[in-house]
$ cat protein.cif   # mmCIF, N, CA and C atoms
data_target
loop_
_atom_site.label_atom_id
_atom_site.label_comp_id
_atom_site.auth_asym_id
_atom_site.auth_seq_id
_atom_site.Cartn_x
_atom_site.Cartn_y
_atom_site.Cartn_z
N MET K 907 99.81 81.37 126.86
CA MET K 907 98.78 80.66 126.16
C MET K 907 99.17 80.36 124.73
N ILE K 908 100.19 81.00 124.23
CA ILE K 908 100.51 80.82 122.82
C ILE K 908 101.72 79.91 122.67
N ARG K 909 101.53 78.64 122.95
CA ARG K 909 102.58 77.64 122.85
C ARG K 909 102.09 76.41 122.10
N GLY K 910 103.02 75.71 121.45
CA GLY K 910 102.75 74.42 120.85
C GLY K 910 101.54 74.37 119.96
N GLU K 911 100.60 73.50 120.30
CA GLU K 911 99.44 73.28 119.45
C GLU K 911 98.47 74.45 119.45
N SER K 912 98.66 75.42 120.32
CA SER K 912 97.77 76.59 120.33
C SER K 912 98.29 77.71 119.43
N ARG K 913 99.24 77.38 118.53
CA ARG K 913 99.76 78.36 117.58
C ARG K 913 99.35 78.02 116.16
N LEU K 914 99.17 79.04 115.38
CA LEU K 914 99.02 78.86 113.94
C LEU K 914 100.44 78.77 113.40
N THR K 915 100.76 77.68 112.72
CA THR K 915 102.15 77.46 112.31
C THR K 915 102.34 77.42 110.80
N LYS K 916 101.34 77.05 110.06
CA LYS K 916 101.50 76.87 108.62
C LYS K 916 100.91 78.07 107.86
N PRO K 917 101.55 78.44 106.76
CA PRO K 917 101.01 79.55 105.95
C PRO K 917 99.56 79.31 105.52
N ALA K 918 99.18 78.08 105.28
CA ALA K 918 97.82 77.78 104.87
C ALA K 918 96.82 78.12 105.97
N GLN K 919 97.22 77.96 107.22
CA GLN K 919 96.34 78.31 108.34
C GLN K 919 96.10 79.82 108.38
N TYR K 920 97.16 80.59 108.18
CA TYR K 920 97.03 82.05 108.15
C TYR K 920 96.15 82.47 106.96
N THR K 921 96.37 81.86 105.81
CA THR K 921 95.60 82.20 104.62
C THR K 921 94.12 81.95 104.83
N LEU K 922 93.79 80.85 105.49
CA LEU K 922 92.39 80.54 105.76
C LEU K 922 91.74 81.61 106.63
N VAL K 923 92.47 82.06 107.65
CA VAL K 923 91.94 83.11 108.54
C VAL K 923 91.79 84.41 107.76
N TYR K 924 92.78 84.76 106.93
CA TYR K 924 92.70 85.99 106.15
C TYR K 924 91.53 85.94 105.16
N ARG K 925 91.33 84.79 104.52
CA ARG K 925 90.33 84.67 103.48
C ARG K 925 88.90 84.55 104.03
N GLU K 926 88.72 83.74 105.07
CA GLU K 926 87.38 83.44 105.56
C GLU K 926 87.01 84.14 106.86
N GLY K 927 87.99 84.78 107.50
CA GLY K 927 87.74 85.34 108.81
C GLY K 927 87.14 86.73 108.79
N ARG K 928 86.76 87.16 109.97
CA ARG K 928 86.26 88.52 110.18
C ARG K 928 87.40 89.35 110.74
N SER K 929 87.24 90.68 110.77
CA SER K 929 88.33 91.51 111.28
C SER K 929 87.82 92.71 112.04
N LEU K 930 88.64 93.13 112.97
CA LEU K 930 88.45 94.36 113.74
C LEU K 930 89.82 95.03 113.85
N ALA K 931 89.82 96.33 114.07
CA ALA K 931 91.09 97.04 114.18
C ALA K 931 90.99 98.16 115.20
N ASN K 932 92.15 98.54 115.72
CA ASN K 932 92.27 99.75 116.52
C ASN K 932 93.59 100.41 116.12
N GLY K 933 94.06 101.36 116.89
CA GLY K 933 95.24 102.11 116.50
C GLY K 933 96.53 101.31 116.42
N TYR K 934 96.63 100.23 117.18
CA TYR K 934 97.86 99.45 117.23
C TYR K 934 97.81 98.12 116.50
N LEU K 935 96.63 97.48 116.47
CA LEU K 935 96.55 96.11 115.97
C LEU K 935 95.32 95.91 115.09
N ILE K 936 95.40 94.86 114.28
CA ILE K 936 94.26 94.35 113.54
C ILE K 936 94.07 92.92 114.02
N LEU K 937 92.85 92.55 114.33
CA LEU K 937 92.53 91.18 114.73
C LEU K 937 91.70 90.55 113.63
N ARG K 938 92.16 89.40 113.13
CA ARG K 938 91.37 88.60 112.20
C ARG K 938 91.09 87.28 112.89
N TRP K 939 89.83 86.80 112.80
CA TRP K 939 89.49 85.56 113.48
C TRP K 939 88.45 84.78 112.70
N ARG K 940 88.46 83.47 112.90
CA ARG K 940 87.45 82.58 112.33
C ARG K 940 87.30 81.37 113.23
N SER K 941 86.16 80.73 113.16
CA SER K 941 85.91 79.52 113.93
C SER K 941 86.73 78.37 113.34
N ASN K 942 87.31 77.53 114.23
CA ASN K 942 88.12 76.42 113.73
C ASN K 942 87.53 75.04 114.01
N GLY K 943 86.46 74.97 114.80
CA GLY K 943 85.82 73.69 115.08
C GLY K 943 86.61 72.76 115.97
N LEU K 944 87.63 73.28 116.63
CA LEU K 944 88.47 72.48 117.53
C LEU K 944 88.13 72.79 118.97
N ALA K 945 88.70 72.02 119.88
CA ALA K 945 88.47 72.22 121.31
C ALA K 945 89.44 73.23 121.90
N LEU K 946 90.24 73.88 121.06
CA LEU K 946 91.18 74.89 121.54
C LEU K 946 91.25 76.02 120.54
N SER K 947 91.73 77.15 121.00
CA SER K 947 91.95 78.30 120.12
C SER K 947 93.41 78.35 119.74
N ARG K 948 93.67 78.72 118.50
CA ARG K 948 95.04 78.86 118.02
C ARG K 948 95.27 80.31 117.65
N MET K 949 96.47 80.81 117.94
CA MET K 949 96.79 82.22 117.70
C MET K 949 98.05 82.36 116.87
N GLY K 950 98.08 83.42 116.10
CA GLY K 950 99.25 83.75 115.31
C GLY K 950 99.50 85.25 115.38
N ILE K 951 100.75 85.62 115.13
CA ILE K 951 101.15 87.02 115.16
C ILE K 951 101.84 87.35 113.85
N SER K 952 101.48 88.47 113.26
CA SER K 952 102.09 88.91 112.02
C SER K 952 102.62 90.33 112.22
N VAL K 953 103.93 90.49 112.02
CA VAL K 953 104.57 91.80 112.16
C VAL K 953 105.41 92.03 110.91
N SER K 954 104.98 92.94 110.05
CA SER K 954 105.68 93.16 108.79
C SER K 954 106.88 94.09 108.96
N ARG K 955 107.65 94.20 107.92
CA ARG K 955 108.83 95.07 107.95
C ARG K 955 108.46 96.54 108.06
N ARG K 956 107.24 96.87 107.70
CA ARG K 956 106.80 98.27 107.82
C ARG K 956 106.80 98.74 109.26
N VAL K 957 106.74 97.81 110.23
CA VAL K 957 106.72 98.18 111.65
C VAL K 957 108.07 98.72 112.08
N GLY K 958 109.16 98.18 111.54
CA GLY K 958 110.48 98.66 111.91
C GLY K 958 111.55 97.62 111.67
N SER K 959 112.70 97.86 112.28
CA SER K 959 113.83 96.95 112.14
C SER K 959 113.54 95.62 112.84
N ALA K 960 114.43 94.65 112.66
CA ALA K 960 114.25 93.33 113.27
C ALA K 960 114.15 93.43 114.79
N VAL K 961 114.92 94.33 115.38
CA VAL K 961 114.89 94.49 116.83
C VAL K 961 113.51 94.97 117.28
N ILE K 962 112.96 95.92 116.58
CA ILE K 962 111.64 96.46 116.93
C ILE K 962 110.56 95.41 116.69
N ARG K 963 110.64 94.70 115.55
CA ARG K 963 109.64 93.66 115.25
C ARG K 963 109.65 92.57 116.31
N ASN K 964 110.82 92.16 116.75
CA ASN K 964 110.91 91.13 117.78
C ASN K 964 110.36 91.64 119.12
N ARG K 965 110.60 92.89 119.44
CA ARG K 965 110.05 93.47 120.66
C ARG K 965 108.53 93.47 120.61
N VAL K 966 107.98 93.85 119.47
CA VAL K 966 106.52 93.87 119.30
C VAL K 966 105.96 92.46 119.47
N LYS K 967 106.62 91.47 118.88
CA LYS K 967 106.15 90.07 119.03
C LYS K 967 106.20 89.62 120.47
N ARG K 968 107.25 89.99 121.20
CA ARG K 968 107.34 89.64 122.62
C ARG K 968 106.21 90.29 123.42
N LEU K 969 105.94 91.57 123.15
CA LEU K 969 104.86 92.27 123.84
C LEU K 969 103.51 91.61 123.55
N LEU K 970 103.28 91.26 122.30
CA LEU K 970 102.02 90.62 121.94
C LEU K 970 101.87 89.24 122.58
N ARG K 971 102.94 88.45 122.56
CA ARG K 971 102.87 87.11 123.18
C ARG K 971 102.58 87.23 124.66
N GLU K 972 103.19 88.16 125.34
CA GLU K 972 102.95 88.33 126.77
C GLU K 972 101.52 88.82 127.02
N SER K 973 101.04 89.73 126.21
CA SER K 973 99.66 90.21 126.36
C SER K 973 98.67 89.08 126.13
N LEU K 974 98.93 88.22 125.16
CA LEU K 974 98.05 87.09 124.88
C LEU K 974 98.10 86.06 126.00
N ARG K 975 99.25 85.93 126.63
CA ARG K 975 99.38 85.00 127.75
C ARG K 975 98.52 85.45 128.93
N GLN K 976 98.31 86.75 129.06
CA GLN K 976 97.55 87.30 130.17
C GLN K 976 96.04 87.18 129.99
N VAL K 977 95.59 86.85 128.78
CA VAL K 977 94.16 86.81 128.48
C VAL K 977 93.75 85.39 128.12
N GLN K 978 92.63 84.96 128.69
CA GLN K 978 92.10 83.65 128.36
C GLN K 978 91.02 83.82 127.30
N VAL K 979 91.08 82.99 126.26
CA VAL K 979 90.18 83.12 125.12
C VAL K 979 89.30 81.87 125.03
N GLU K 980 88.05 82.06 124.60
CA GLU K 980 87.15 80.93 124.38
C GLU K 980 87.79 79.93 123.42
N ALA K 981 87.44 78.65 123.58
CA ALA K 981 87.95 77.61 122.69
C ALA K 981 87.23 77.67 121.35
N GLY K 982 87.92 77.22 120.31
CA GLY K 982 87.29 77.07 119.00
C GLY K 982 87.53 78.19 118.01
N TRP K 983 88.58 78.98 118.20
CA TRP K 983 88.85 80.10 117.31
C TRP K 983 90.28 80.06 116.79
N ASP K 984 90.48 80.51 115.56
CA ASP K 984 91.80 80.81 115.01
C ASP K 984 91.91 82.33 114.98
N LEU K 985 92.94 82.87 115.62
CA LEU K 985 93.11 84.32 115.73
C LEU K 985 94.45 84.72 115.13
N VAL K 986 94.48 85.81 114.40
CA VAL K 986 95.73 86.38 113.90
C VAL K 986 95.76 87.85 114.29
N PHE K 987 96.80 88.23 115.01
CA PHE K 987 97.00 89.63 115.38
C PHE K 987 98.04 90.21 114.43
N ILE K 988 97.66 91.28 113.74
CA ILE K 988 98.53 91.93 112.77
C ILE K 988 98.93 93.28 113.36
N ALA K 989 100.23 93.49 113.48
CA ALA K 989 100.74 94.72 114.08
C ALA K 989 100.74 95.85 113.07
N ARG K 990 100.27 97.02 113.50
CA ARG K 990 100.34 98.22 112.69
C ARG K 990 101.64 98.96 113.04
N PRO K 991 102.16 99.79 112.14
CA PRO K 991 103.42 100.50 112.42
C PRO K 991 103.40 101.33 113.70
N SER K 992 102.25 101.83 114.12
CA SER K 992 102.17 102.66 115.32
C SER K 992 102.49 101.88 116.60
N VAL K 993 102.43 100.55 116.57
CA VAL K 993 102.68 99.75 117.77
C VAL K 993 104.17 99.76 118.13
N ALA K 994 105.03 100.17 117.22
CA ALA K 994 106.48 100.15 117.47
C ALA K 994 106.86 100.98 118.69
N GLY K 995 106.18 102.08 118.94
CA GLY K 995 106.51 102.94 120.07
C GLY K 995 105.62 102.73 121.28
N ALA K 996 104.77 101.73 121.24
CA ALA K 996 103.79 101.53 122.32
C ALA K 996 104.42 100.83 123.52
N ALA K 997 103.89 101.14 124.69
CA ALA K 997 104.31 100.49 125.93
C ALA K 997 103.53 99.20 126.12
N TYR K 998 104.00 98.35 127.02
CA TYR K 998 103.37 97.07 127.28
C TYR K 998 101.90 97.23 127.68
N ALA K 999 101.61 98.19 128.54
CA ALA K 999 100.23 98.40 129.01
C ALA K 999 99.32 98.78 127.85
N GLN K 1000 99.82 99.60 126.93
CA GLN K 1000 99.01 100.00 125.78
C GLN K 1000 98.71 98.81 124.87
N VAL K 1001 99.69 97.95 124.66
CA VAL K 1001 99.50 96.77 123.83
C VAL K 1001 98.51 95.82 124.50
N GLY K 1002 98.64 95.65 125.81
CA GLY K 1002 97.72 94.78 126.54
C GLY K 1002 96.28 95.27 126.45
N LYS K 1003 96.09 96.58 126.61
CA LYS K 1003 94.73 97.15 126.50
C LYS K 1003 94.19 96.98 125.08
N SER K 1004 95.05 97.14 124.10
CA SER K 1004 94.65 97.00 122.72
C SER K 1004 94.19 95.56 122.42
N VAL K 1005 94.95 94.58 122.90
CA VAL K 1005 94.59 93.16 122.72
C VAL K 1005 93.27 92.86 123.40
N ALA K 1006 93.14 93.27 124.66
CA ALA K 1006 91.92 93.01 125.41
C ALA K 1006 90.71 93.67 124.76
N SER K 1007 90.89 94.88 124.28
CA SER K 1007 89.81 95.60 123.63
C SER K 1007 89.33 94.87 122.38
N LEU K 1008 90.26 94.44 121.54
CA LEU K 1008 89.88 93.73 120.32
C LEU K 1008 89.17 92.42 120.62
N LEU K 1009 89.69 91.68 121.59
CA LEU K 1009 89.08 90.40 121.93
C LEU K 1009 87.67 90.58 122.49
N SER K 1010 87.49 91.60 123.33
CA SER K 1010 86.15 91.81 123.89
C SER K 1010 85.17 92.31 122.82
N ARG K 1011 85.64 93.15 121.90
CA ARG K 1011 84.78 93.61 120.80
C ARG K 1011 84.39 92.46 119.88
N ALA K 1012 85.30 91.50 119.73
CA ALA K 1012 85.00 90.32 118.90
C ALA K 1012 84.11 89.33 119.63
N GLY K 1013 84.00 89.48 120.95
CA GLY K 1013 83.14 88.60 121.73
C GLY K 1013 83.76 87.24 122.03
N ILE K 1014 85.09 87.17 122.04
CA ILE K 1014 85.74 85.87 122.27
C ILE K 1014 86.68 85.88 123.48
N SER K 1015 86.71 86.96 124.22
CA SER K 1015 87.54 87.02 125.42
C SER K 1015 86.77 86.47 126.61
N VAL K 1016 87.43 85.67 127.42
CA VAL K 1016 86.77 85.10 128.59
C VAL K 1016 87.13 85.89 129.82
N LYS K 1017 88.37 85.92 130.19
CA LYS K 1017 88.79 86.68 131.36
C LYS K 1017 90.29 86.86 131.34
N LYS K 1018 90.78 87.68 132.25
CA LYS K 1018 92.20 87.96 132.35
C LYS K 1018 92.84 87.00 133.35
N ASN K 1019 93.96 86.39 132.95
CA ASN K 1019 94.72 85.52 133.85
C ASN K 1019 95.61 86.37 134.73
N ASP K 1020 95.85 85.93 135.97
CA ASP K 1020 96.77 86.67 136.84
C ASP K 1020 97.92 85.84 137.29
#

$ encode --input "protein.cif" --output "structure tokens"
Amino acid sequence: MIRGESRLTKPAQYTLVYREGRSLANGYLILRWRSNGLALSRMGISVSRRVGSAVIRNRVKRLLRESLRQVQVEAGWDLVFIARPSVAGAAYAQVGKSVASLLSRAGISVKKND
């Protein structure tokens, strides 16, 4: 689900979500979101150097992208998932549960794709 026009690509888009959006967190991730007024939802991933080396950060991004691909989200939202350092040692299933939990708590998750 996180391809092409469904991605946040510009720093200004991330800044808008950080400044005007709401947030929720759990042990692995922070979710920031805001309404975008579009017919689609756009997603972004932020993994800082505090999470680990480049290899670990890339692994975390791959896990998050796959978890997001498995979940269908309502249209009209800009979402940013921010990785916490504890996600570096997490398994795929734990990351998936964390993503689903945050989306359902935010009230923007529709259903799981299979």

$ select_by_dssp --input "protein.cif" --residues "chain K" --states "alpha helix (DSSP H)" --output "ChimeraX atom specification"
/K:917-926,960-975,998-1012

$ closest_residue --input "protein.cif" --among "K:Ser1015, K:Ser947, K:Asn942, K:Ser1010" --to "K:Gln978" --atoms "only N, CA and C atoms"
K:Ser1015

$ atom_distance --input "protein.cif" --atom1 "atom CA of K:Arg925" --atom2 "atom CA of K:Ile962"
27.8 Å

$ resolve_selection --input "protein.cif" --expression "the PyMOL selection byres (((chain K and resi 957 and name CA) around 12) and name CA)" --output "list in words"
Tyr934, Leu935, Ser952, Val953, Ser954, Arg955, Arg956, Gly958, Ser959, Ala960, Val961, Ile962, Arg963, Asn964, Arg965, Val966, Lys967, Ile988, Ala989, Arg990, Pro991, Ser992, Val993, Ala994, Gly995 and Ala996 of chain K

$ closest_residue --input "protein.cif" --among "K:Val977, K:Arg971, K:Gly950, K:Ala931" --to "K:Leu1008" --atoms "all atoms listed in the file"
K:Ala931

$ residues_around --input "protein.cif" --residues "K:Gly1002" --least-positions-apart "4" --cutoff "8 Å" --atoms "only N, CA and C atoms" --output "PyMOL selection string"
chain K and resi 969-970+972-974+997-998+1006-1008

$ atom_distance --input "protein.cif" --atom1 "atom CA of K:Ile1014" --atom2 "atom CA of K:Ala981"
8.6 Å

$ atom_distance --input "protein.cif" --atom1 "atom C of K:Thr915" --atom2 "atom CA of K:Val1001"
23.5 Å

$ build_atoms --input "protein.cif" --residues "stretch 984-995 of chain K" --atoms "all heavy atoms" --output "compact mmCIF listing (two decimals), in the frame of the given file"
# COMPACT_ATOMS: atom_id res chain seq x y z
N ASP K 984 90.48 80.51 115.56
CA ASP K 984 91.80 80.81 115.01
C ASP K 984 91.91 82.33 114.98
O ASP K 984 91.05 83.01 114.40
CB ASP K 984 91.97 80.26 113.60
CG ASP K 984 92.20 78.77 113.57
OD1 ASP K 984 92.53 78.19 114.63
OD2 ASP K 984 92.07 78.17 112.49
N LEU K 985 92.94 82.87 115.62
CA LEU K 985 93.11 84.32 115.73
C LEU K 985 94.45 84.72 115.13
O LEU K 985 95.47 84.06 115.36
CB LEU K 985 93.11 84.75 117.20
CG LEU K 985 91.96 84.28 118.07
CD1 LEU K 985 92.29 84.51 119.53
CD2 LEU K 985 90.71 85.01 117.71
N VAL K 986 94.48 85.81 114.40
CA VAL K 986 95.73 86.38 113.90
C VAL K 986 95.76 87.85 114.29
O VAL K 986 94.83 88.60 113.97
CB VAL K 986 95.87 86.24 112.36
CG1 VAL K 986 97.14 86.94 111.88
CG2 VAL K 986 95.87 84.79 111.94
N PHE K 987 96.80 88.23 115.01
CA PHE K 987 97.00 89.63 115.38
C PHE K 987 98.04 90.21 114.43
O PHE K 987 99.15 89.70 114.33
CB PHE K 987 97.50 89.74 116.83
CG PHE K 987 96.43 89.46 117.83
CD1 PHE K 987 96.19 88.18 118.28
CD2 PHE K 987 95.64 90.49 118.33
CE1 PHE K 987 95.19 87.91 119.20
CE2 PHE K 987 94.64 90.24 119.24
CZ PHE K 987 94.41 88.95 119.68
N ILE K 988 97.66 91.28 113.74
CA ILE K 988 98.53 91.93 112.77
C ILE K 988 98.93 93.28 113.36
O ILE K 988 98.08 94.10 113.71
CB ILE K 988 97.80 92.13 111.43
CG1 ILE K 988 97.29 90.78 110.92
CG2 ILE K 988 98.73 92.79 110.41
CD1 ILE K 988 96.22 90.89 109.86
N ALA K 989 100.23 93.49 113.48
CA ALA K 989 100.74 94.72 114.08
C ALA K 989 100.74 95.85 113.07
O ALA K 989 101.15 95.67 111.92
CB ALA K 989 102.15 94.50 114.61
N ARG K 990 100.27 97.02 113.50
CA ARG K 990 100.34 98.22 112.69
C ARG K 990 101.64 98.96 113.04
O ARG K 990 102.17 98.79 114.14
CB ARG K 990 99.15 99.12 112.98
CG ARG K 990 97.86 98.56 112.43
CD ARG K 990 96.73 99.51 112.66
NE ARG K 990 95.69 99.27 111.67
CZ ARG K 990 94.55 99.91 111.64
NH1 ARG K 990 94.30 100.86 112.53
NH2 ARG K 990 93.66 99.65 110.73
N PRO K 991 102.16 99.79 112.14
CA PRO K 991 103.42 100.50 112.42
C PRO K 991 103.40 101.33 113.70
O PRO K 991 104.43 101.48 114.36
CB PRO K 991 103.60 101.39 111.19
CG PRO K 991 102.90 100.66 110.10
CD PRO K 991 101.71 100.00 110.76
N SER K 992 102.25 101.83 114.12
CA SER K 992 102.17 102.66 115.32
C SER K 992 102.49 101.88 116.60
O SER K 992 102.82 102.48 117.62
CB SER K 992 100.79 103.29 115.44
OG SER K 992 99.80 102.29 115.51
N VAL K 993 102.43 100.55 116.57
CA VAL K 993 102.68 99.75 117.77
C VAL K 993 104.17 99.76 118.13
O VAL K 993 104.53 99.45 119.27
CB VAL K 993 102.15 98.31 117.60
CG1 VAL K 993 103.08 97.47 116.75
CG2 VAL K 993 101.93 97.64 118.95
N ALA K 994 105.03 100.17 117.22
CA ALA K 994 106.48 100.15 117.47
C ALA K 994 106.86 100.98 118.69
O ALA K 994 107.76 100.61 119.43
CB ALA K 994 107.23 100.65 116.24
N GLY K 995 106.18 102.08 118.94
CA GLY K 995 106.51 102.94 120.07
C GLY K 995 105.62 102.73 121.28
O GLY K 995 105.70 103.48 122.26
